[in-house]
Every structure is written in structure tokens, then in C-alpha cells.
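**Student:** What follows is data06.pdb, PDB, N, CA and C atoms.
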ATOM      1  N   VAL A   1       2.779 -31.311  22.360
ATOM      2  CA  VAL A   1       2.462 -30.722  23.652
ATOM      3  C   VAL A   1       3.616 -29.794  24.026
ATOM      4  N   HIS A   2       3.266 -28.598  24.460
ATOM      5  CA  HIS A   2       4.304 -27.634  24.817
ATOM      6  C   HIS A   2       3.790 -26.690  25.904
ATOM      7  N   ILE A   3       4.704 -25.902  26.427
ATOM      8  CA  ILE A   3       4.361 -24.868  27.405
ATOM      9  C   ILE A   3       5.069 -23.575  27.021
ATOM     10  N   HIS A   4       4.538 -22.490  27.548
ATOM     11  CA  HIS A   4       5.186 -21.180  27.468
ATOM     12  C   HIS A   4       5.433 -20.768  28.920
ATOM     13  N   GLY A   5       6.678 -20.795  29.325
ATOM     14  CA  GLY A   5       7.009 -20.547  30.719
ATOM     15  C   GLY A   5       6.969 -19.101  31.144
ATOM     16  N   ASN A   6       6.909 -18.185  30.180
ATOM     17  CA  ASN A   6       6.985 -16.772  30.544
ATOM     18  C   ASN A   6       5.752 -15.964  30.169
ATOM     19  N   CYS A   7       4.715 -16.597  29.600
ATOM     20  CA  CYS A   7       3.571 -15.799  29.160
ATOM     21  C   CYS A   7       2.300 -16.621  29.055
ATOM     22  N   GLU A   8       1.182 -15.915  29.071
ATOM     23  CA  GLU A   8      -0.114 -16.510  28.785
ATOM     24  C   GLU A   8      -0.340 -16.470  27.287
ATOM     25  N   GLU A   9      -1.268 -17.293  26.820
ATOM     26  CA  GLU A   9      -1.625 -17.315  25.403
ATOM     27  C   GLU A   9      -3.144 -17.199  25.303
ATOM     28  N   MET A  10      -3.611 -16.416  24.354
ATOM     29  CA  MET A  10      -5.040 -16.316  24.050
ATOM     30  C   MET A  10      -5.215 -16.723  22.604
ATOM     31  N   LEU A  11      -6.199 -17.574  22.345
ATOM     32  CA  LEU A  11      -6.441 -18.054  20.997
ATOM     33  C   LEU A  11      -7.894 -17.754  20.644
ATOM     34  N   TYR A  12      -8.108 -17.004  19.566
ATOM     35  CA  TYR A  12      -9.440 -16.680  19.064
ATOM     36  C   TYR A  12      -9.637 -17.409  17.748
ATOM     37  N   MET A  13     -10.624 -18.278  17.682
ATOM     38  CA  MET A  13     -10.891 -19.057  16.477
ATOM     39  C   MET A  13     -11.626 -18.203  15.452
ATOM     40  N   VAL A  14     -11.013 -18.015  14.287
ATOM     41  CA  VAL A  14     -11.608 -17.242  13.199
ATOM     42  C   VAL A  14     -12.485 -18.142  12.330
ATOM     43  N   SER A  15     -11.960 -19.324  11.976
ATOM     44  CA  SER A  15     -12.733 -20.255  11.151
ATOM     45  C   SER A  15     -12.265 -21.678  11.404
ATOM     46  N   GLY A  16     -13.094 -22.640  11.010
ATOM     47  CA  GLY A  16     -12.760 -24.042  11.206
ATOM     48  C   GLY A  16     -12.980 -24.468  12.645
ATOM     49  N   SER A  17     -12.377 -25.591  12.995
ATOM     50  CA  SER A  17     -12.490 -26.104  14.358
ATOM     51  C   SER A  17     -11.232 -26.903  14.699
ATOM     52  N   CYS A  18     -11.031 -27.135  15.989
ATOM     53  CA  CYS A  18      -9.897 -27.930  16.437
ATOM     54  C   CYS A  18     -10.192 -28.476  17.825
ATOM     55  N   GLU A  19      -9.427 -29.489  18.183
ATOM     56  CA  GLU A  19      -9.436 -29.981  19.556
ATOM     57  C   GLU A  19      -8.208 -29.408  20.232
ATOM     58  N   HIS A  20      -8.418 -28.748  21.343
ATOM     59  CA  HIS A  20      -7.303 -28.153  22.077
ATOM     60  C   HIS A  20      -7.202 -28.870  23.411
ATOM     61  N   LYS A  21      -6.034 -29.434  23.690
ATOM     62  CA  LYS A  21      -5.798 -30.060  24.991
ATOM     63  C   LYS A  21      -5.098 -29.033  25.864
ATOM     64  N   LEU A  22      -5.676 -28.831  27.023
ATOM     65  CA  LEU A  22      -5.200 -27.811  27.953
ATOM     66  C   LEU A  22      -5.048 -28.452  29.317
ATOM     67  N   GLY A  23      -3.787 -28.684  29.723
ATOM     68  CA  GLY A  23      -3.545 -29.295  31.020
ATOM     69  C   GLY A  23      -4.201 -30.652  31.183
ATOM     70  N   GLY A  24      -4.261 -31.451  30.122
ATOM     71  CA  GLY A  24      -4.841 -32.780  30.192
ATOM     72  C   GLY A  24      -6.328 -32.848  29.906
ATOM     73  N   LYS A  25      -6.981 -31.706  29.730
ATOM     74  CA  LYS A  25      -8.410 -31.649  29.437
ATOM     75  C   LYS A  25      -8.588 -31.247  27.975
ATOM     76  N   ALA A  26      -9.482 -31.911  27.245
ATOM     77  CA  ALA A  26      -9.699 -31.610  25.831
ATOM     78  C   ALA A  26     -10.985 -30.809  25.644
ATOM     79  N   VAL A  27     -10.914 -29.762  24.808
ATOM     80  CA  VAL A  27     -12.085 -28.975  24.441
ATOM     81  C   VAL A  27     -12.099 -28.807  22.931
ATOM     82  N   VAL A  28     -13.295 -28.779  22.351
ATOM     83  CA  VAL A  28     -13.433 -28.522  20.917
ATOM     84  C   VAL A  28     -13.735 -27.043  20.740
ATOM     85  N   LEU A  29     -12.940 -26.393  19.898
ATOM     86  CA  LEU A  29     -13.119 -24.973  19.607
ATOM     87  C   LEU A  29     -13.626 -24.803  18.188
ATOM     88  N   LYS A  30     -14.530 -23.842  18.004
ATOM     89  CA  LYS A  30     -15.046 -23.533  16.676
ATOM     90  C   LYS A  30     -15.005 -22.017  16.488
ATOM     91  N   ALA A  31     -15.308 -21.571  15.282
ATOM     92  CA  ALA A  31     -15.260 -20.143  14.966
ATOM     93  C   ALA A  31     -16.013 -19.331  16.021
ATOM     94  N   GLY A  32     -15.363 -18.275  16.511
ATOM     95  CA  GLY A  32     -15.943 -17.401  17.532
ATOM     96  C   GLY A  32     -15.538 -17.744  18.951
ATOM     97  N   ASP A  33     -14.980 -18.928  19.174
ATOM     98  CA  ASP A  33     -14.558 -19.326  20.518
ATOM     99  C   ASP A  33     -13.213 -18.704  20.877
ATOM    100  N   VAL A  34     -13.008 -18.516  22.164
ATOM    101  CA  VAL A  34     -11.746 -17.985  22.700
ATOM    102  C   VAL A  34     -11.305 -18.911  23.822
ATOM    103  N   ILE A  35      -9.996 -19.149  23.888
ATOM    104  CA  ILE A  35      -9.451 -19.937  24.993
ATOM    105  C   ILE A  35      -8.241 -19.191  25.547
ATOM    106  N   ARG A  36      -8.111 -19.216  26.870
ATOM    107  CA  ARG A  36      -6.952 -18.620  27.549
ATOM    108  C   ARG A  36      -6.109 -19.755  28.102
ATOM    109  N   ILE A  37      -4.829 -19.735  27.780
ATOM    110  CA  ILE A  37      -3.899 -20.744  28.275
ATOM    111  C   ILE A  37      -2.963 -20.058  29.277
ATOM    112  N   PRO A  38      -3.083 -20.382  30.557
ATOM    113  CA  PRO A  38      -2.219 -19.750  31.549
ATOM    114  C   PRO A  38      -0.744 -20.104  31.347
ATOM    115  N   ARG A  39       0.108 -19.250  31.816
ATOM    116  CA  ARG A  39       1.558 -19.476  31.752
ATOM    117  C   ARG A  39       1.897 -20.813  32.405
ATOM    118  N   GLY A  40       2.746 -21.607  31.721
ATOM    119  CA  GLY A  40       3.246 -22.848  32.279
ATOM    120  C   GLY A  40       2.318 -24.048  32.177
ATOM    121  N   VAL A  41       1.135 -23.900  31.555
ATOM    122  CA  VAL A  41       0.198 -25.020  31.426
ATOM    123  C   VAL A  41       0.449 -25.726  30.090
ATOM    124  N   THR A  42       0.543 -27.053  30.126
ATOM    125  CA  THR A  42       0.756 -27.814  28.892
ATOM    126  C   THR A  42      -0.464 -27.683  27.987
ATOM    127  N   HIS A  43      -0.198 -27.610  26.666
ATOM    128  CA  HIS A  43      -1.298 -27.524  25.710
ATOM    129  C   HIS A  43      -0.845 -27.955  24.322
ATOM    130  N   SER A  44      -1.838 -28.306  23.510
ATOM    131  CA  SER A  44      -1.611 -28.679  22.115
ATOM    132  C   SER A  44      -2.932 -28.550  21.380
ATOM    133  N   ALA A  45      -2.866 -28.496  20.046
ATOM    134  CA  ALA A  45      -4.082 -28.396  19.241
ATOM    135  C   ALA A  45      -3.942 -29.277  18.013
ATOM    136  N   ARG A  46      -5.083 -29.798  17.552
ATOM    137  CA  ARG A  46      -5.092 -30.558  16.306
ATOM    138  C   ARG A  46      -6.420 -30.313  15.614
ATOM    139  N   THR A  47      -6.387 -30.329  14.288
ATOM    140  CA  THR A  47      -7.616 -30.191  13.518
ATOM    141  C   THR A  47      -8.206 -31.564  13.257
ATOM    142  N   PHE A  48      -9.413 -31.574  12.759
ATOM    143  CA  PHE A  48     -10.122 -32.814  12.470
ATOM    144  C   PHE A  48     -10.032 -33.137  10.986
ATOM    145  N   ASP A  49      -9.642 -34.355  10.653
ATOM    146  CA  ASP A  49      -9.612 -34.831   9.269
ATOM    147  C   ASP A  49      -8.846 -33.906   8.327
ATOM    148  N   GLY A  50      -7.839 -33.223   8.840
ATOM    149  CA  GLY A  50      -7.023 -32.363   7.990
ATOM    150  C   GLY A  50      -7.703 -31.082   7.549
ATOM    151  N   GLU A  51      -8.875 -30.772   8.108
ATOM    152  CA  GLU A  51      -9.575 -29.541   7.744
ATOM    153  C   GLU A  51      -8.799 -28.339   8.280
ATOM    154  N   PRO A  52      -8.694 -27.276   7.477
ATOM    155  CA  PRO A  52      -7.939 -26.103   7.934
ATOM    156  C   PRO A  52      -8.697 -25.305   8.996
ATOM    157  N   MET A  53      -7.948 -24.597   9.789
ATOM    158  CA  MET A  53      -8.513 -23.661  10.758
ATOM    159  C   MET A  53      -7.682 -22.389  10.726
ATOM    160  N   GLN A  54      -8.299 -21.297  11.109
ATOM    161  CA  GLN A  54      -7.580 -20.038  11.246
ATOM    162  C   GLN A  54      -7.853 -19.503  12.642
ATOM    163  N   ALA A  55      -6.803 -19.008  13.264
ATOM    164  CA  ALA A  55      -6.942 -18.468  14.612
ATOM    165  C   ALA A  55      -6.019 -17.272  14.765
ATOM    166  N   ILE A  56      -6.421 -16.360  15.623
ATOM    167  CA  ILE A  56      -5.560 -15.255  16.036
ATOM    168  C   ILE A  56      -5.021 -15.639  17.401
ATOM    169  N   ILE A  57      -3.697 -15.660  17.511
ATOM    170  CA  ILE A  57      -3.052 -16.071  18.759
ATOM    171  C   ILE A  57      -2.207 -14.907  19.265
ATOM    172  N   VAL A  58      -2.409 -14.543  20.521
ATOM    173  CA  VAL A  58      -1.652 -13.447  21.118
ATOM    174  C   VAL A  58      -1.046 -13.900  22.442
ATOM    175  N   TYR A  59       0.039 -13.249  22.799
ATOM    176  CA  TYR A  59       0.766 -13.543  24.037
ATOM    177  C   TYR A  59       0.900 -12.255  24.828
ATOM    178  N   ASN A  60       0.992 -12.349  26.148
ATOM    179  CA  ASN A  60       1.094 -11.153  26.969
ATOM    180  C   ASN A  60       2.541 -10.812  27.320
ATOM    181  N   ALA A  61       3.457 -11.204  26.444
ATOM    182  CA  ALA A  61       4.880 -10.872  26.623
ATOM    183  C   ALA A  61       5.472 -10.565  25.253
ATOM    184  N   GLY A  62       6.478  -9.748  25.225
ATOM    185  CA  GLY A  62       7.128  -9.401  23.970
ATOM    186  C   GLY A  62       7.923 -10.549  23.363
ATOM    187  N   ARG A  63       8.361 -11.474  24.210
ATOM    188  CA  ARG A  63       9.111 -12.641  23.744
ATOM    189  C   ARG A  63       8.473 -13.873  24.358
ATOM    190  N   ARG A  64       8.178 -14.860  23.520
ATOM    191  CA  ARG A  64       7.473 -16.060  23.961
ATOM    192  C   ARG A  64       8.447 -17.214  24.098
ATOM    193  N   ASP A  65       8.559 -17.773  25.304
ATOM    194  CA  ASP A  65       9.304 -19.014  25.485
ATOM    195  C   ASP A  65       8.466 -20.174  24.955
ATOM    196  N   PHE A  66       9.131 -21.186  24.411
ATOM    197  CA  PHE A  66       8.438 -22.360  23.867
ATOM    198  C   PHE A  66       9.239 -23.584  24.266
ATOM    199  N   GLN A  67       8.616 -24.482  25.015
ATOM    200  CA  GLN A  67       9.297 -25.694  25.448
ATOM    201  C   GLN A  67       8.429 -26.903  25.140
ATOM    202  N   VAL A  68       8.958 -27.836  24.347
ATOM    203  CA  VAL A  68       8.247 -29.072  24.033
ATOM    204  C   VAL A  68       8.244 -29.962  25.264
ATOM    205  N   VAL A  69       7.084 -30.561  25.550
ATOM    206  CA  VAL A  69       6.923 -31.443  26.698
ATOM    207  C   VAL A  69       6.456 -32.793  26.181
ATOM    208  N   GLU A  70       7.109 -33.856  26.608
ATOM    209  CA  GLU A  70       6.696 -35.189  26.205
ATOM    210  C   GLU A  70       5.521 -35.640  27.042
ATOM    211  N   GLU A  71       4.544 -36.282  26.396
ATOM    212  CA  GLU A  71       3.374 -36.770  27.126
ATOM    213  C   GLU A  71       3.684 -38.063  27.827
TER
END
How does the structure come out when it is put into C-alpha cells?
**Tutor:**
Amino acid sequence: VHIHGNCEEMLYMVSGSCEHKLGGKAVVLKAGDVIRIPRGVTHSARTFDGEPMQAIIVYNAGRRDFQVVEE
């Protein structure tokens, strides 16, 4: 679980699937899905049964802060 204190994150699923926890809420993402993670919101992702996933991840800042948060 981590946060980005200085930027938003957008994740576009290219292939595979994952569970993404966003601010304590879990959503399942599959190919073609997009999720927006607001600045400062806790989030994490995991795949199912070790299956690979590919995603395009972009940030709205030139430098991304990354802070690990304990659950």
C-alpha cells in the first residue's frame, strides 16, 4: 500500500487482470479498464494466481513521490 503525495495516477489495463485497492475499496480491473487514483489516496494492486498483467501507468507530474503506508 502506498501513496503519491504530489500527483495523480492513471492506470490503463492492456492485458490480464488485477485487484486494485483504492482508499480501502477493492475493484477488479481487466483489459480495457482505466482507473484514476487521486493524489494522496492509498492504493495497491495484486494479480490473481500469479497471472501476468500489463498496464500503462501515467502520472500528472514530472517527478512522482512514493511513500509506503502500513495497513
**Student:** I'd like the interatomic distance between atom CA of A:Cys7 and atom CA of A:Gly50, to a tenth of an Å.
**Tutor:** 28.9 Å
**Student:** Looking at A:Val68, A:Ala55, A:Ala45, A:Val27, which one is nearest to A:Val14, with distances taken over only C-alpha atoms?
**Tutor:** A:Ala55
**Student:** Pick from A:Val34, A:Tyr12, A:His20, A:Ala26: nearest to A:Val58, with all atoms listed in the file counted?
**Tutor:**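 Closest to A:Val58 of all the choices is A:Tyr12.
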**Student:** What residues in chain A get the DSSP label strand (DSSP E or B)? Please answer as a PyMOL selection string.
**Tutor:** chain A and resi 2-3+9-15+17-22+25-30+34-37+43-46+54-59+67-68
**Student:** Name the residues that the PyMOL selection byres (((chain A and resi 64 and name CA) around 10) and name CA) picks from the file above, as an NGL selection string, using the file's chain letters and numbers.
**Tutor:** :A and (3-9 or 58-63 or 65-67)
**Student:** Those same residues - N, CA and C atoms - I'd like them written as a compact mmCIF listing (two decimals), in the frame of the given file.
**Tutor:**
# COMPACT_ATOMS: atom_id res chain seq x y z
N ILE A 3 4.70 -25.90 26.43
CA ILE A 3 4.36 -24.87 27.40
C ILE A 3 5.07 -23.58 27.02
N HIS A 4 4.54 -22.49 27.55
CA HIS A 4 5.19 -21.18 27.47
C HIS A 4 5.43 -20.77 28.92
N GLY A 5 6.68 -20.80 29.32
CA GLY A 5 7.01 -20.55 30.72
C GLY A 5 6.97 -19.10 31.14
N ASN A 6 6.91 -18.18 30.18
CA ASN A 6 6.98 -16.77 30.54
C ASN A 6 5.75 -15.96 30.17
N CYS A 7 4.72 -16.60 29.60
CA CYS A 7 3.57 -15.80 29.16
C CYS A 7 2.30 -16.62 29.06
N GLU A 8 1.18 -15.92 29.07
CA GLU A 8 -0.11 -16.51 28.78
C GLU A 8 -0.34 -16.47 27.29
N GLU A 9 -1.27 -17.29 26.82
CA GLU A 9 -1.62 -17.32 25.40
C GLU A 9 -3.14 -17.20 25.30
N VAL A 58 -2.41 -14.54 20.52
CA VAL A 58 -1.65 -13.45 21.12
C VAL A 58 -1.05 -13.90 22.44
N TYR A 59 0.04 -13.25 22.80
CA TYR A 59 0.77 -13.54 24.04
C TYR A 59 0.90 -12.26 24.83
N ASN A 60 0.99 -12.35 26.15
CA ASN A 60 1.09 -11.15 26.97
C ASN A 60 2.54 -10.81 27.32
N ALA A 61 3.46 -11.20 26.44
CA ALA A 61 4.88 -10.87 26.62
C ALA A 61 5.47 -10.56 25.25
N GLY A 62 6.48 -9.75 25.22
CA GLY A 62 7.13 -9.40 23.97
C GLY A 62 7.92 -10.55 23.36
N ARG A 63 8.36 -11.47 24.21
CA ARG A 63 9.11 -12.64 23.74
C ARG A 63 8.47 -13.87 24.36
N ASP A 65 8.56 -17.77 25.30
CA ASP A 65 9.30 -19.01 25.48
C ASP A 65 8.47 -20.17 24.96
N PHE A 66 9.13 -21.19 24.41
CA PHE A 66 8.44 -22.36 23.87
C PHE A 66 9.24 -23.58 24.27
N GLN A 67 8.62 -24.48 25.02
CA GLN A 67 9.30 -25.69 25.45
C GLN A 67 8.43 -26.90 25.14
**Student:** When you count all atoms listed in the file, which of these residues is closest to A:His2: A:Arg46, A:Val69, A:Ala31, A:Glu51?
**Tutor:**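 For A:His2, the nearest of the candidates is A:Val69.
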**Student:** Would you list the residues near (-1.0, -26.3, 28.6) (no more than 8 Å away, in the coordinates of the file, using all atoms listed in the file) as a CSV table (one decimal) with N, CA and C atoms, in the coordinates of the input?
**Tutor:**
chain,number,residue,atom,x,y,z
A,1,VAL,N,2.8,-31.3,22.4
A,1,VAL,CA,2.5,-30.7,23.7
A,1,VAL,C,3.6,-29.8,24.0
A,2,HIS,N,3.3,-28.6,24.5
A,2,HIS,CA,4.3,-27.6,24.8
A,2,HIS,C,3.8,-26.7,25.9
A,3,ILE,N,4.7,-25.9,26.4
A,3,ILE,CA,4.4,-24.9,27.4
A,3,ILE,C,5.1,-23.6,27.0
A,4,HIS,N,4.5,-22.5,27.5
A,4,HIS,CA,5.2,-21.2,27.5
A,4,HIS,C,5.4,-20.8,28.9
A,21,LYS,N,-6.0,-29.4,23.7
A,21,LYS,CA,-5.8,-30.1,25.0
A,21,LYS,C,-5.1,-29.0,25.9
A,22,LEU,N,-5.7,-28.8,27.0
A,22,LEU,CA,-5.2,-27.8,28.0
A,22,LEU,C,-5.0,-28.5,29.3
A,23,GLY,N,-3.8,-28.7,29.7
A,23,GLY,CA,-3.5,-29.3,31.0
A,23,GLY,C,-4.2,-30.7,31.2
A,24,GLY,N,-4.3,-31.5,30.1
A,24,GLY,CA,-4.8,-32.8,30.2
A,24,GLY,C,-6.3,-32.8,29.9
A,37,ILE,N,-4.8,-19.7,27.8
A,37,ILE,CA,-3.9,-20.7,28.3
A,37,ILE,C,-3.0,-20.1,29.3
A,38,PRO,N,-3.1,-20.4,30.6
A,38,PRO,CA,-2.2,-19.8,31.5
A,38,PRO,C,-0.7,-20.1,31.3
A,39,ARG,N,0.1,-19.2,31.8
A,39,ARG,CA,1.6,-19.5,31.8
A,39,ARG,C,1.9,-20.8,32.4
A,40,GLY,N,2.7,-21.6,31.7
A,40,GLY,CA,3.2,-22.8,32.3
A,40,GLY,C,2.3,-24.0,32.2
A,41,VAL,N,1.1,-23.9,31.6
A,41,VAL,CA,0.2,-25.0,31.4
A,41,VAL,C,0.4,-25.7,30.1
A,42,THR,N,0.5,-27.1,30.1
A,42,THR,CA,0.8,-27.8,28.9
A,42,THR,C,-0.5,-27.7,28.0
A,43,HIS,N,-0.2,-27.6,26.7
A,43,HIS,CA,-1.3,-27.5,25.7
A,43,HIS,C,-0.8,-28.0,24.3
A,44,SER,N,-1.8,-28.3,23.5
A,44,SER,CA,-1.6,-28.7,22.1
A,44,SER,C,-2.9,-28.6,21.4
**Student:** So which one's closest to A:Arg36, A:Ile57, A:Phe48, A:Glu70, A:Gly16? Using only C-alpha atoms, please.
**Tutor:**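 The closest residue to A:Arg36 is A:Ile57.
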**Student:** List, as a ChimeraX atom specification, every residue that the PyMOL selection byres ((chain A and resi 17) around 5) selects in the file provided.
**Tutor:** /A:15-16,18-19,29-30,53
**Student:** Take the residues that were just selected and, keeping N, CA and C atoms, output them as an mmCIF file, in the frame of the given file.
**Tutor:**
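Saved to selection.cif:
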data_model
loop_
_atom_site.group_PDB
_atom_site.id
_atom_site.type_symbol
_atom_site.label_atom_id
_atom_site.label_comp_id
_atom_site.auth_asym_id
_atom_site.auth_seq_id
_atom_site.Cartn_x
_atom_site.Cartn_y
_atom_site.Cartn_z
ATOM 1 N N SER A 15 -11.960 -19.324 11.976
ATOM 2 C CA SER A 15 -12.733 -20.255 11.151
ATOM 3 C C SER A 15 -12.265 -21.678 11.404
ATOM 4 N N GLY A 16 -13.094 -22.640 11.010
ATOM 5 C CA GLY A 16 -12.760 -24.042 11.206
ATOM 6 C C GLY A 16 -12.980 -24.468 12.645
ATOM 7 N N CYS A 18 -11.031 -27.135 15.989
ATOM 8 C CA CYS A 18 -9.897 -27.930 16.437
ATOM 9 C C CYS A 18 -10.192 -28.476 17.825
ATOM 10 N N GLU A 19 -9.427 -29.489 18.183
ATOM 11 C CA GLU A 19 -9.436 -29.981 19.556
ATOM 12 C C GLU A 19 -8.208 -29.408 20.232
ATOM 13 N N LEU A 29 -12.940 -26.393 19.898
ATOM 14 C CA LEU A 29 -13.119 -24.973 19.607
ATOM 15 C C LEU A 29 -13.626 -24.803 18.188
ATOM 16 N N LYS A 30 -14.530 -23.842 18.004
ATOM 17 C CA LYS A 30 -15.046 -23.533 16.676
ATOM 18 C C LYS A 30 -15.005 -22.017 16.488
ATOM 19 N N MET A 53 -7.948 -24.597 9.789
ATOM 20 C CA MET A 53 -8.513 -23.661 10.758
ATOM 21 C C MET A 53 -7.682 -22.389 10.726
#
**Student:** Please measure the separation of atom C of A:Asp33 and atom CA of A:Met10, giving the value in Å to one decimal.
**Tutor:** 9.1 Å
**Student:** How many Å separate atom CA of A:Gln54 from atom C of A:Met13?
**Tutor:**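 Separation of atom CA of A:Gln54 and atom C of A:Met13: 6.1 Å.
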**Student:** The centre and edge lengths of an axis-aligned box containing all atoms of stretch 3-22 of chain A present in the file, extended by 3 Å on each side, are to be given in Å to one decimal, as AutoDock Vina command-line options.
**Tutor:**
--center_x -3.0 --center_y -22.9 --center_z 21.1 --size_x 26.1 --size_y 20.3 --size_z 26.1
